[in-house]
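Only one structure is covered here, and it is reproduced in the block below.
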Amino acid sequence: MITLKNICKNYDKEVVLKNINLNIKKGSFTALVGESGSGKTTLLSILSTLLKANSGEIIFENQNYNSIKNIDKFRQKNIGFVFQFHYLINYLSVKENILLANEKASLEEINNLLSLLDISKLTNSYPNEISGGQRQRVAIARALINNPRVVFADEPTGNLDSKNSLNVFNIFKKLSKEGVTIIVATHDKSLAKLADNVVEVKDGQL
Amino acid sequence: MAYAFKAIKANRLKTSLIILSLVFSISSIFLITSISNGIVSMYSSMLKSDGDIIITQKNISDTFFSNVNINLIKRIKTLNEVTKTSAIIVAASIVGDLPIVAVYGVSKNRFENYKLIKGSYPKQNEVLLGKSIYENLKNKNEVLISNNKYKVSGVFQSDIGFENGGVVLNISDASIIFNKSASMIMVNSKIDTDIEKLISKINLLDKNIEAKSTNSFVDNYNQFEIIKTSSNVISFISFCMGLLTIASILSITINQRKSEFGIKRALGISMNKIVLQIINESLILGVFSFIIALGISSLVLYFIKNSSFLHGYVNGEISFEIAIFILFTTLAISILGSIIPALNASKTDPMVLIQGDRI
């Protein structure tokens with residue numbers, strides 16, 4: 001589904017990624033693991049179009065990232081994001097936060113997603129009224145409302161306790177079984193074991 | 001639009017600051033425009049009610065400095081097209097215990113312009129007082145003008161606000177006080193008269209005078225130009241202040257909402273949509289501030305109009321045209337002031353979400 005060929009990235013003179021080659025299969029659950037500063041977040045950012053590589057190619061279902069003209073539309077159509085911090089907008093309800101990603105989504109679609117994530121009663125709640133684990137699930141619902149082909153998650157359990165962390169990874173596992181490609185950057189190797197593939201990033205190399 | 005309302009509500013402190021500063025800016029535009037228009041309109045009405053042609057001394061900057069020989073009236077009357085002539089001295093002086101009051105020395109045939117509400121029109125050494133000044137004078141029986149005592153013959157009321165704050169007396173008495181013959185001579189002509197031809201004829205009568213049609217005089221009157229220019233300059237400064245305030249406070253707000261715009265960018269919401277959201281928020285604040293400013297300005301103008309302290313000199317009403325003009329000005333402030341912050345918001349790099357601790 002996604003193929004990386006000789007991806008290199010450097011910030012000024014500091015080399016962050018060196019000749020990365022990787023192939024990610026459709027519907028797989030991939031965990032990028034590595035120590036802090038290893039380059040896993042940079043790799044995830046490049047994969048998710050948030051950052052551009054200095055050299056190399058990324059092919060997303062026969063489409064080269066370098067040839068995408070409208071990156072906003074591409075993201076909206078194909079990609080879902082989950083970050084370490086939920087980044088829910090506090091003045092919007094759970095439903096409205098989800099609608100941000102797809103304003104055409106029906107209430108039924110939102111309710112189905114919230115049920116899938118076991119937070120069906122929170123539709124009209126506000127982010128400051130719910131727990132950290134629930135917020136992260138809402139963030140996952142927001143990432144999924146567009147029916148993206150791939151969901152990228154950067155340290156999604158970084159702010160959660162072990163029980164909620166496990167719940168989030170189980171949700172990803174469940175989603176991948178339903179055909180959604182999941183790519184997660186995490187430093188937690190025990191959680192990473194739940195993924196189909198574990199890719200270790202060390203000193204900018206795989 | 002509903003999200004814009006929610007965003008405004010969520011940022012209450014900064015929203016209040018924007019509204020407060022906009023209300024000040026818009027109110028000052030309202031007040032300065034209405035008051036200057038009011039002054040111009042009152043003086044114009046006074047002049048326009050007096051005739052088709054106004055004669056002043058040639059090459060003077062203001063009617064206050066004009067001195068026209070009143071005997072010219074006799075020669076003007078000989079012209080066939082002329083139906084009526086009148087003369088006026090426009091001046092200002094200490095009157096009784098009031099430091100500065102407009103004094104109108106007028107020919108007798110001009111008394112009918114002042115609607116009596118008490119007493120009679122003035123004879124020699126008598127004055128007719130405007131309603132406002134009458135109410136403010138301690139001694140209501142006689143007044144002292146330039147060390148001369150004048151008996152109060154009556155009180156008048158005029159639709160032209162600042163006339164109510166003035167003193168009317170015979171032009172011969174005013175001539176002695178201000179040492180001039182007449183400030184202006186006004187001429188009425190027969191219907192269908194070619195005004196320009198008549199003006200040429202009048203100008204030939206005396207090389208020291210300048211005759212103009214009343215409309216032309218009003219349109220080119222220096223003092224009106226000064227008032228209008230000052231009003232425009234002050235309005236422009238208020239406009240800029242409003243603009244800068246919106247731009248600076250919105251910039252701060254947007255900087256604090258970086259993660260919100262970052263997540264929108266990451267979710268694929270287009271830059272145009274983000275720009276539109278910020279402009280919408282700013283427009284809502286603009287319209288809200290306009291409504292408050294309209295209310296405050298109307299109230300202030302009402303108190304100014306009815307203040308005995310100002311003797312009716314300062315007057316202003318918010319016409320429909322002024323309200324519409326200022327509404328568009330407000331919308332322009334809101335849009336222009338929000339463009340730079342909106343563009344900055346739309347350019348938020350979603351990478352700020354990855355670098356979470358730096359937001």
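Following the order of the structure tokens, chains are lettered A, B, ..., residues in each are numbered from 1, and ligands are numbered from 1.
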
What residues in chain A have any atom no more than 10 Å from chain B when counting only C-alpha atoms, and can you write them as a PDB file with C-alpha atoms, in the first residue's frame?
ATOM      1  CA  THR A  41       8.352  10.444  14.627  1.00  0.00           C
ATOM      2  CA  THR A  42      10.114  12.057  11.660  1.00  0.00           C
ATOM      3  CA  LEU A  44       5.784   8.910  10.667  1.00  0.00           C
ATOM      4  CA  SER A  45       5.501  12.621   9.767  1.00  0.00           C
ATOM      5  CA  SER A  48       1.665  11.030   6.743  1.00  0.00           C
ATOM      6  CA  THR A  49       2.541  13.997   4.432  1.00  0.00           C
ATOM      7  CA  LEU A  50       3.085  16.381   7.339  1.00  0.00           C
ATOM      8  CA  LEU A  51       6.787  16.609   6.477  1.00  0.00           C
ATOM      9  CA  ASN A  70      -3.871  19.239  -3.360  1.00  0.00           C
ATOM     10  CA  ILE A  71      -2.361  17.844  -0.195  1.00  0.00           C
ATOM     11  CA  ASP A  72      -5.375  18.990   1.923  1.00  0.00           C
ATOM     12  CA  LYS A  73      -7.788  16.924  -0.152  1.00  0.00           C
ATOM     13  CA  PHE A  74      -5.404  13.988  -0.152  1.00  0.00           C
ATOM     14  CA  ARG A  75      -5.181  14.043   3.643  1.00  0.00           C
ATOM     15  CA  GLN A  76      -8.918  14.460   4.086  1.00  0.00           C
ATOM     16  CA  LYS A  77      -9.641  11.547   1.773  1.00  0.00           C
ATOM     17  CA  ASN A  78      -6.944   9.074   2.727  1.00  0.00           C
ATOM     18  CA  ILE A  79      -5.400   9.806   6.093  1.00  0.00           C
ATOM     19  CA  GLY A  80      -6.496   9.833   9.713  1.00  0.00           C
ATOM     20  CA  PHE A  81      -4.355  11.219  12.516  1.00  0.00           C
ATOM     21  CA  VAL A  82      -4.093  10.441  16.203  1.00  0.00           C
ATOM     22  CA  PHE A  83      -1.539  12.427  18.191  1.00  0.00           C
ATOM     23  CA  GLN A  84       0.041  11.978  21.621  1.00  0.00           C
ATOM     24  CA  PHE A  85      -2.166  14.800  22.871  1.00  0.00           C
ATOM     25  CA  HIS A  86      -5.780  14.481  21.729  1.00  0.00           C
ATOM     26  CA  TYR A  87      -6.010  18.029  20.274  1.00  0.00           C
ATOM     27  CA  LEU A  88      -9.747  18.101  20.639  1.00  0.00           C
ATOM     28  CA  ILE A  89     -11.176  21.613  20.448  1.00  0.00           C
ATOM     29  CA  ASN A  90     -12.504  22.411  23.898  1.00  0.00           C
ATOM     30  CA  TYR A  91     -15.338  24.678  22.799  1.00  0.00           C
ATOM     31  CA  LEU A  92     -16.798  22.023  20.506  1.00  0.00           C
ATOM     32  CA  GLU A  96     -18.715  18.661  16.562  1.00  0.00           C
ATOM     33  CA  LEU A 100     -14.550  18.856  11.840  1.00  0.00           C
ATOM     34  CA  ALA A 101     -12.890  16.055   9.922  1.00  0.00           C
ATOM     35  CA  ASN A 102     -15.958  15.379   7.803  1.00  0.00           C
ATOM     36  CA  ARG A 142     -12.266  11.818  14.541  1.00  0.00           C
ATOM     37  CA  ALA A 143      -9.439  10.094  12.677  1.00  0.00           C
ATOM     38  CA  ASN A 146     -13.578   9.877   6.841  1.00  0.00           C
ATOM     39  CA  ASP A 154       2.153   9.350  17.056  1.00  0.00           C
ATOM     40  CA  GLU A 155       2.684   8.121  20.628  1.00  0.00           C
TER      41      GLU A 155
END

Practice item. Would you kindly return, as a PyMOL selection string, each protein, DNA or RNA residue with an atom no farther than 6 Å from any atom of segment 18-32 of chain A, considering only C-alpha atoms and excluding same-chain residues fewer than 3 positions away? Key: chain A and resi 1-8+176+179-185+192+195-200+204-205

**Study point:** Straight-line distance linking atom CA of Thr253 of chain B with atom CA of Ile279 of chain B, stated in Å to one decimal
**Key:** 13.3 Å

For Ile60 of chain B: contacts at 12 Å, only C-alpha atoms, fewer than 3 positions along chain excluded, given as a PDB file with N, CA, C and O atoms, in the first residue's frame:
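Contents of selection.pdb, freshly written:
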ATOM      1  N   ILE B  55     -23.495  87.616  -0.724  1.00  0.00           N
ATOM      2  CA  ILE B  55     -22.422  88.543  -1.092  1.00  0.00           C
ATOM      3  C   ILE B  55     -21.518  88.752   0.122  1.00  0.00           C
ATOM      4  O   ILE B  55     -21.992  89.080   1.213  1.00  0.00           O
ATOM      5  N   THR B  56     -20.239  88.541  -0.064  1.00  0.00           N
ATOM      6  CA  THR B  56     -19.270  88.773   1.011  1.00  0.00           C
ATOM      7  C   THR B  56     -18.162  89.670   0.479  1.00  0.00           C
ATOM      8  O   THR B  56     -18.101  89.955  -0.725  1.00  0.00           O
ATOM      9  N   GLN B  57     -17.269  90.074   1.388  1.00  0.00           N
ATOM     10  CA  GLN B  57     -16.095  90.829   0.958  1.00  0.00           C
ATOM     11  C   GLN B  57     -15.221  89.899   0.125  1.00  0.00           C
ATOM     12  O   GLN B  57     -15.161  88.687   0.405  1.00  0.00           O
ATOM     13  N   THR B  63     -16.411  84.236   6.786  1.00  0.00           N
ATOM     14  CA  THR B  63     -17.425  85.300   6.867  1.00  0.00           C
ATOM     15  C   THR B  63     -17.239  86.176   8.102  1.00  0.00           C
ATOM     16  O   THR B  63     -17.698  87.315   8.134  1.00  0.00           O
ATOM     17  N   PHE B  64     -16.582  85.612   9.121  1.00  0.00           N
ATOM     18  CA  PHE B  64     -16.332  86.396  10.341  1.00  0.00           C
ATOM     19  C   PHE B  64     -15.494  87.640  10.027  1.00  0.00           C
ATOM     20  O   PHE B  64     -15.575  88.644  10.696  1.00  0.00           O
ATOM     21  N   PHE B  65     -14.635  87.543   8.994  1.00  0.00           N
ATOM     22  CA  PHE B  65     -13.739  88.666   8.662  1.00  0.00           C
ATOM     23  C   PHE B  65     -14.330  89.552   7.550  1.00  0.00           C
ATOM     24  O   PHE B  65     -13.724  90.539   7.168  1.00  0.00           O
ATOM     25  N   SER B  66     -15.473  89.170   7.049  1.00  0.00           N
ATOM     26  CA  SER B  66     -16.040  89.892   5.911  1.00  0.00           C
ATOM     27  C   SER B  66     -16.665  91.221   6.347  1.00  0.00           C
ATOM     28  O   SER B  66     -17.308  91.314   7.382  1.00  0.00           O
ATOM     29  N   ASN B  67     -16.461  92.242   5.529  1.00  0.00           N
ATOM     30  CA  ASN B  67     -17.098  93.547   5.781  1.00  0.00           C
ATOM     31  C   ASN B  67     -17.584  94.099   4.443  1.00  0.00           C
ATOM     32  O   ASN B  67     -16.801  94.449   3.571  1.00  0.00           O
ATOM     33  N   VAL B  68     -18.891  94.117   4.280  1.00  0.00           N
ATOM     34  CA  VAL B  68     -19.492  94.577   3.024  1.00  0.00           C
ATOM     35  C   VAL B  68     -20.303  95.840   3.336  1.00  0.00           C
ATOM     36  O   VAL B  68     -21.002  95.904   4.356  1.00  0.00           O
ATOM     37  N   SER B 183     -21.589  91.571   7.419  1.00  0.00           N
ATOM     38  CA  SER B 183     -20.738  90.419   7.064  1.00  0.00           C
ATOM     39  C   SER B 183     -21.146  89.894   5.695  1.00  0.00           C
ATOM     40  O   SER B 183     -20.310  89.547   4.869  1.00  0.00           O
ATOM     41  N   MET B 184     -22.466  89.823   5.499  1.00  0.00           N
ATOM     42  CA  MET B 184     -22.981  89.269   4.245  1.00  0.00           C
ATOM     43  C   MET B 184     -24.255  90.005   3.851  1.00  0.00           C
ATOM     44  O   MET B 184     -24.992  90.494   4.716  1.00  0.00           O
ATOM     45  N   ASN B 208     -14.972  95.376  -4.520  1.00  0.00           N
ATOM     46  CA  ASN B 208     -14.517  94.763  -3.265  1.00  0.00           C
ATOM     47  C   ASN B 208     -15.391  93.593  -2.801  1.00  0.00           C
ATOM     48  O   ASN B 208     -15.176  93.049  -1.723  1.00  0.00           O
ATOM     49  N   ILE B 209     -16.403  93.247  -3.589  1.00  0.00           N
ATOM     50  CA  ILE B 209     -17.312  92.174  -3.145  1.00  0.00           C
ATOM     51  C   ILE B 209     -17.185  90.921  -4.018  1.00  0.00           C
ATOM     52  O   ILE B 209     -16.631  90.972  -5.112  1.00  0.00           O
ATOM     53  N   GLU B 210     -17.752  89.860  -3.479  1.00  0.00           N
ATOM     54  CA  GLU B 210     -17.784  88.604  -4.233  1.00  0.00           C
ATOM     55  C   GLU B 210     -19.173  87.993  -4.028  1.00  0.00           C
ATOM     56  O   GLU B 210     -19.538  87.643  -2.893  1.00  0.00           O
ATOM     57  N   TYR B 221     -17.420  76.692   1.067  1.00  0.00           N
ATOM     58  CA  TYR B 221     -17.106  77.459   2.272  1.00  0.00           C
ATOM     59  C   TYR B 221     -15.936  76.810   3.014  1.00  0.00           C
ATOM     60  O   TYR B 221     -15.978  75.635   3.380  1.00  0.00           O
ATOM     61  N   ASN B 222     -14.888  77.626   3.240  1.00  0.00           N
ATOM     62  CA  ASN B 222     -13.649  77.116   3.862  1.00  0.00           C
ATOM     63  C   ASN B 222     -13.892  76.379   5.170  1.00  0.00           C
ATOM     64  O   ASN B 222     -13.324  75.319   5.412  1.00  0.00           O
ATOM     65  N   GLN B 223     -14.743  76.973   6.030  1.00  0.00           N
ATOM     66  CA  GLN B 223     -14.944  76.386   7.361  1.00  0.00           C
ATOM     67  C   GLN B 223     -15.556  74.982   7.251  1.00  0.00           C
ATOM     68  O   GLN B 223     -15.220  74.098   8.019  1.00  0.00           O
TER      69      GLN B 223
END

Practice item. Using DSSP on the backbone coordinates, identify the residues of chain A assigned to alpha helix (DSSP H); present them as a PyMOL selection string. Key: chain A and resi 40-47+71-78+94-101+107-116+132-144+162-177+189-192

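When only C-alpha atoms are used to measure the gap to Ser172 of chain B, the shortest distance among B:Ile89, B:Leu72, B:Leu98, B:Val275 belongs to B:Ile89.
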
Which residues of segment 151-269 of chain B have any atom within 10 Å of an atom in segment 30-37 of chain B when counting only C-alpha atoms, and what is the closest pair of atoms for each, with the distance in Å to one decimal? Order the rows by chain and rising number and write it as a Markdown table.
| residue | atom | partner | partner_atom | distance |
| --- | --- | --- | --- | --- |
| B:Phe224 | CA | B:Ser36 | CA | 8.6 |
| B:Ile226 | CA | B:Ser36 | CA | 10.0 |
| B:Ile227 | CA | B:Ser36 | CA | 6.2 |
| B:Lys228 | CA | B:Ser36 | CA | 6.6 |
| B:Thr229 | CA | B:Ser36 | CA | 9.7 |
| B:Ser230 | CA | B:Ser36 | CA | 8.8 |
| B:Ser231 | CA | B:Ile32 | CA | 5.8 |
| B:Asn232 | CA | B:Thr33 | CA | 7.7 |
| B:Val233 | CA | B:Ile32 | CA | 10.0 |
| B:Ile234 | CA | B:Ile32 | CA | 7.4 |
| B:Ser235 | CA | B:Ile32 | CA | 7.0 |

Please produce an output containing all heavy atoms for each residue in the selection, written as an mmCIF file, in the first residue's frame.
data_model
loop_
_atom_site.group_PDB
_atom_site.id
_atom_site.type_symbol
_atom_site.label_atom_id
_atom_site.label_comp_id
_atom_site.auth_asym_id
_atom_site.auth_seq_id
_atom_site.Cartn_x
_atom_site.Cartn_y
_atom_site.Cartn_z
ATOM 1 N N PHE B 224 -16.459 74.826 6.259
ATOM 2 C CA PHE B 224 -17.067 73.504 6.067
ATOM 3 C C PHE B 224 -16.005 72.505 5.626
ATOM 4 O O PHE B 224 -15.988 71.357 6.063
ATOM 5 C CB PHE B 224 -18.176 73.556 5.017
ATOM 6 C CG PHE B 224 -19.388 74.338 5.439
ATOM 7 C CD1 PHE B 224 -20.361 74.688 4.510
ATOM 8 C CD2 PHE B 224 -19.575 74.720 6.760
ATOM 9 C CE1 PHE B 224 -21.484 75.390 4.889
ATOM 10 C CE2 PHE B 224 -20.688 75.438 7.150
ATOM 11 C CZ PHE B 224 -21.648 75.778 6.203
ATOM 12 N N ILE B 226 -12.854 72.682 6.311
ATOM 13 C CA ILE B 226 -11.987 72.396 7.474
ATOM 14 C C ILE B 226 -12.681 71.378 8.385
ATOM 15 O O ILE B 226 -12.078 70.394 8.817
ATOM 16 C CB ILE B 226 -11.653 73.704 8.243
ATOM 17 C CG1 ILE B 226 -10.751 74.586 7.381
ATOM 18 C CG2 ILE B 226 -10.996 73.392 9.595
ATOM 19 C CD1 ILE B 226 -10.595 76.010 7.883
ATOM 20 N N ILE B 227 -13.991 71.612 8.632
ATOM 21 C CA ILE B 227 -14.746 70.702 9.515
ATOM 22 C C ILE B 227 -14.781 69.299 8.910
ATOM 23 O O ILE B 227 -14.503 68.311 9.582
ATOM 24 C CB ILE B 227 -16.182 71.231 9.748
ATOM 25 C CG1 ILE B 227 -16.148 72.486 10.611
ATOM 26 C CG2 ILE B 227 -17.057 70.170 10.408
ATOM 27 C CD1 ILE B 227 -17.477 73.230 10.672
ATOM 28 N N LYS B 228 -15.093 69.246 7.600
ATOM 29 C CA LYS B 228 -15.205 67.931 6.948
ATOM 30 C C LYS B 228 -13.852 67.214 6.925
ATOM 31 O O LYS B 228 -13.769 66.009 7.177
ATOM 32 C CB LYS B 228 -15.727 68.102 5.515
ATOM 33 C CG LYS B 228 -17.215 68.351 5.445
ATOM 34 C CD LYS B 228 -17.607 68.568 3.988
ATOM 35 C CE LYS B 228 -19.050 69.033 3.883
ATOM 36 N NZ LYS B 228 -19.361 69.500 2.518
ATOM 37 N N THR B 229 -12.780 67.988 6.608
ATOM 38 C CA THR B 229 -11.453 67.371 6.551
ATOM 39 C C THR B 229 -11.042 66.861 7.931
ATOM 40 O O THR B 229 -10.545 65.735 8.063
ATOM 41 C CB THR B 229 -10.411 68.382 6.013
ATOM 42 O OG1 THR B 229 -10.906 68.901 4.793
ATOM 43 C CG2 THR B 229 -9.067 67.740 5.792
ATOM 44 N N SER B 230 -11.274 67.707 8.962
ATOM 45 C CA SER B 230 -10.913 67.287 10.336
ATOM 46 C C SER B 230 -11.678 66.026 10.699
ATOM 47 O O SER B 230 -11.123 65.076 11.262
ATOM 48 C CB SER B 230 -11.247 68.378 11.347
ATOM 49 O OG SER B 230 -10.721 69.586 10.942
ATOM 50 N N SER B 231 -12.969 66.027 10.361
ATOM 51 C CA SER B 231 -13.816 64.876 10.674
ATOM 52 C C SER B 231 -13.283 63.623 9.971
ATOM 53 O O SER B 231 -13.188 62.556 10.577
ATOM 54 C CB SER B 231 -15.253 65.192 10.237
ATOM 55 O OG SER B 231 -15.960 64.021 10.010
ATOM 56 N N ASN B 232 -12.925 63.790 8.695
ATOM 57 C CA ASN B 232 -12.420 62.636 7.939
ATOM 58 C C ASN B 232 -11.103 62.119 8.510
ATOM 59 O O ASN B 232 -10.882 60.913 8.580
ATOM 60 C CB ASN B 232 -12.227 62.999 6.457
ATOM 61 C CG ASN B 232 -13.557 63.204 5.770
ATOM 62 O OD1 ASN B 232 -14.590 62.753 6.265
ATOM 63 N ND2 ASN B 232 -13.555 63.902 4.654
ATOM 64 N N VAL B 233 -10.232 63.071 8.925
ATOM 65 C CA VAL B 233 -8.926 62.667 9.472
ATOM 66 C C VAL B 233 -9.140 61.893 10.779
ATOM 67 O O VAL B 233 -8.555 60.813 10.977
ATOM 68 C CB VAL B 233 -8.013 63.902 9.695
ATOM 69 C CG1 VAL B 233 -6.800 63.540 10.539
ATOM 70 C CG2 VAL B 233 -7.572 64.476 8.362
ATOM 71 N N ILE B 234 -10.002 62.446 11.661
ATOM 72 C CA ILE B 234 -10.245 61.781 12.953
ATOM 73 C C ILE B 234 -10.895 60.410 12.707
ATOM 74 O O ILE B 234 -10.531 59.417 13.338
ATOM 75 C CB ILE B 234 -11.104 62.660 13.885
ATOM 76 C CG1 ILE B 234 -10.335 63.934 14.236
ATOM 77 C CG2 ILE B 234 -11.475 61.911 15.165
ATOM 78 C CD1 ILE B 234 -11.154 65.005 14.925
ATOM 79 N N SER B 235 -11.840 60.369 11.767
ATOM 80 C CA SER B 235 -12.493 59.090 11.452
ATOM 81 C C SER B 235 -11.477 58.083 10.933
ATOM 82 O O SER B 235 -11.512 56.903 11.296
ATOM 83 C CB SER B 235 -13.575 59.274 10.383
ATOM 84 O OG SER B 235 -14.570 60.099 10.876
#

Review point. Taking only C-alpha atoms into account, which of A:Ile171, A:Leu191, A:Ile130, A:Ser162 comes nearest Ser115 of chain A?
Key: A:Ile171

Skip Gly38 of chain B itself and residues of its chain fewer than 4 positions away, then list as a compact mmCIF listing (two decimals) with N, CA and C atoms, in the first residue's frame all residues within 7 Å of it, counting only C-alpha atoms.
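Saved as out.txt:
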# COMPACT_ATOMS: atom_id res chain seq x y z
N SER B 34 -21.30 62.51 12.70
CA SER B 34 -22.64 63.07 12.93
C SER B 34 -22.56 64.52 13.38
N MET B 42 -26.54 72.56 9.81
CA MET B 42 -27.25 73.66 10.47
C MET B 42 -26.89 75.00 9.83
N ASN B 315 -24.58 69.74 17.59
CA ASN B 315 -25.79 68.96 17.31
C ASN B 315 -25.43 67.90 16.29
N GLY B 316 -26.08 66.80 16.34
CA GLY B 316 -25.79 65.80 15.33
C GLY B 316 -26.81 64.69 15.40
N GLU B 317 -27.21 64.22 14.26
CA GLU B 317 -28.14 63.10 14.23
C GLU B 317 -27.57 62.03 13.32

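Residues surrounding Ser153 of chain B within 12 Å are Leu116, Ile117, Lys118, Gly119, Ser120, Tyr121, Pro122, Lys123, Gln124, Asn125, Glu126, Val127, Leu128, Leu129, Gly130, Tyr134, Lys140, Asn141, Glu142, Val143, Tyr150, Phe156, Val167, Val168, Leu169 and Asn170 of chain B [only C-alpha atoms; sequence separation below 3 positions excluded].
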
Go ahead and save the picked residues with C-alpha atoms, as a PDB file, in the first residue's frame.
ATOM      1  CA  LEU B 116     -40.952  84.388  18.685  1.00  0.00           C
ATOM      2  CA  ILE B 117     -41.949  82.400  21.747  1.00  0.00           C
ATOM      3  CA  LYS B 118     -41.896  85.365  24.117  1.00  0.00           C
ATOM      4  CA  GLY B 119     -41.950  89.178  23.819  1.00  0.00           C
ATOM      5  CA  SER B 120     -41.295  91.049  20.595  1.00  0.00           C
ATOM      6  CA  TYR B 121     -38.623  91.675  17.980  1.00  0.00           C
ATOM      7  CA  PRO B 122     -35.824  94.037  19.105  1.00  0.00           C
ATOM      8  CA  LYS B 123     -35.783  97.788  18.575  1.00  0.00           C
ATOM      9  CA  GLN B 124     -32.635  99.927  18.882  1.00  0.00           C
ATOM     10  CA  ASN B 125     -30.566  98.898  21.951  1.00  0.00           C
ATOM     11  CA  GLU B 126     -32.618  95.738  22.404  1.00  0.00           C
ATOM     12  CA  VAL B 127     -31.758  92.086  21.826  1.00  0.00           C
ATOM     13  CA  LEU B 128     -33.747  88.979  21.021  1.00  0.00           C
ATOM     14  CA  LEU B 129     -32.354  85.895  22.770  1.00  0.00           C
ATOM     15  CA  GLY B 130     -32.260  82.327  21.533  1.00  0.00           C
ATOM     16  CA  TYR B 134     -32.177  82.713  27.584  1.00  0.00           C
ATOM     17  CA  LYS B 140     -33.022  87.636  31.859  1.00  0.00           C
ATOM     18  CA  ASN B 141     -34.031  91.282  31.510  1.00  0.00           C
ATOM     19  CA  GLU B 142     -30.877  92.820  30.095  1.00  0.00           C
ATOM     20  CA  VAL B 143     -27.521  91.673  28.771  1.00  0.00           C
ATOM     21  CA  TYR B 150     -29.131  95.838  25.885  1.00  0.00           C
ATOM     22  CA  PHE B 156     -37.038  83.023  19.843  1.00  0.00           C
ATOM     23  CA  VAL B 167     -28.322  86.709  20.277  1.00  0.00           C
ATOM     24  CA  VAL B 168     -30.145  88.678  17.566  1.00  0.00           C
ATOM     25  CA  LEU B 169     -30.099  92.464  17.370  1.00  0.00           C
ATOM     26  CA  ASN B 170     -30.514  95.198  14.833  1.00  0.00           C
TER      27      ASN B 170
END

**Study point:** Distance query Gly286 of chain B at most 9 Å, only C-alpha atoms, self and fewer than 4 positions along chain excluded, as a list in words
**Key:** Ile18, Ile19, Leu22, Val23, Glu281, Ser282, Phe290, Ile291, Leu327, Thr330, Leu331, Ile333, Ser334 and Ile335 of chain B

Those same residues, written as a tab-separated table (two decimals), in the first residue's frame with N, CA and C atoms?
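The file below, selection-v5.tsv, is the result:
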chain	number	residue	atom	x	y	z
B	18	ILE	N	-11.65	43.04	22.07
B	18	ILE	CA	-11.86	43.43	20.66
B	18	ILE	C	-13.14	44.26	20.56
B	19	ILE	N	-14.22	43.77	21.20
B	19	ILE	CA	-15.50	44.48	21.12
B	19	ILE	C	-15.36	45.88	21.72
B	22	LEU	N	-13.38	48.11	19.45
B	22	LEU	CA	-14.16	48.41	18.24
B	22	LEU	C	-15.29	49.40	18.56
B	23	VAL	N	-15.92	49.20	19.72
B	23	VAL	CA	-17.02	50.10	20.11
B	23	VAL	C	-16.47	51.53	20.22
B	281	GLU	N	-15.51	35.15	12.35
B	281	GLU	CA	-15.47	35.51	13.77
B	281	GLU	C	-15.32	37.03	13.91
B	282	SER	N	-14.42	37.59	13.09
B	282	SER	CA	-14.18	39.03	13.17
B	282	SER	C	-15.41	39.82	12.73
B	290	PHE	N	-20.82	47.21	16.22
B	290	PHE	CA	-21.53	48.27	15.51
B	290	PHE	C	-22.86	48.58	16.19
B	291	ILE	N	-23.58	47.51	16.57
B	291	ILE	CA	-24.90	47.70	17.21
B	291	ILE	C	-24.73	48.43	18.55
B	327	LEU	N	-21.58	51.22	8.97
B	327	LEU	CA	-21.69	49.76	8.99
B	327	LEU	C	-20.66	49.15	8.02
B	330	THR	N	-17.26	49.51	9.40
B	330	THR	CA	-17.02	48.49	10.44
B	330	THR	C	-16.69	47.15	9.79
B	331	LEU	N	-17.45	46.80	8.76
B	331	LEU	CA	-17.20	45.53	8.09
B	331	LEU	C	-15.80	45.53	7.46
B	333	ILE	N	-13.23	47.29	8.60
B	333	ILE	CA	-12.28	47.15	9.71
B	333	ILE	C	-12.16	45.67	10.07
B	334	SER	N	-13.32	45.01	10.19
B	334	SER	CA	-13.33	43.61	10.62
B	334	SER	C	-12.60	42.71	9.63
B	335	ILE	N	-12.86	42.94	8.35
B	335	ILE	CA	-12.25	42.07	7.33
B	335	ILE	C	-10.74	42.37	7.22

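Each of A:Leu166, A:Ile110, A:Leu47, A:Pro127 was checked against Ala141 of chain A using only C-alpha atoms; the smallest atom-to-atom distance is that of A:Ile110.
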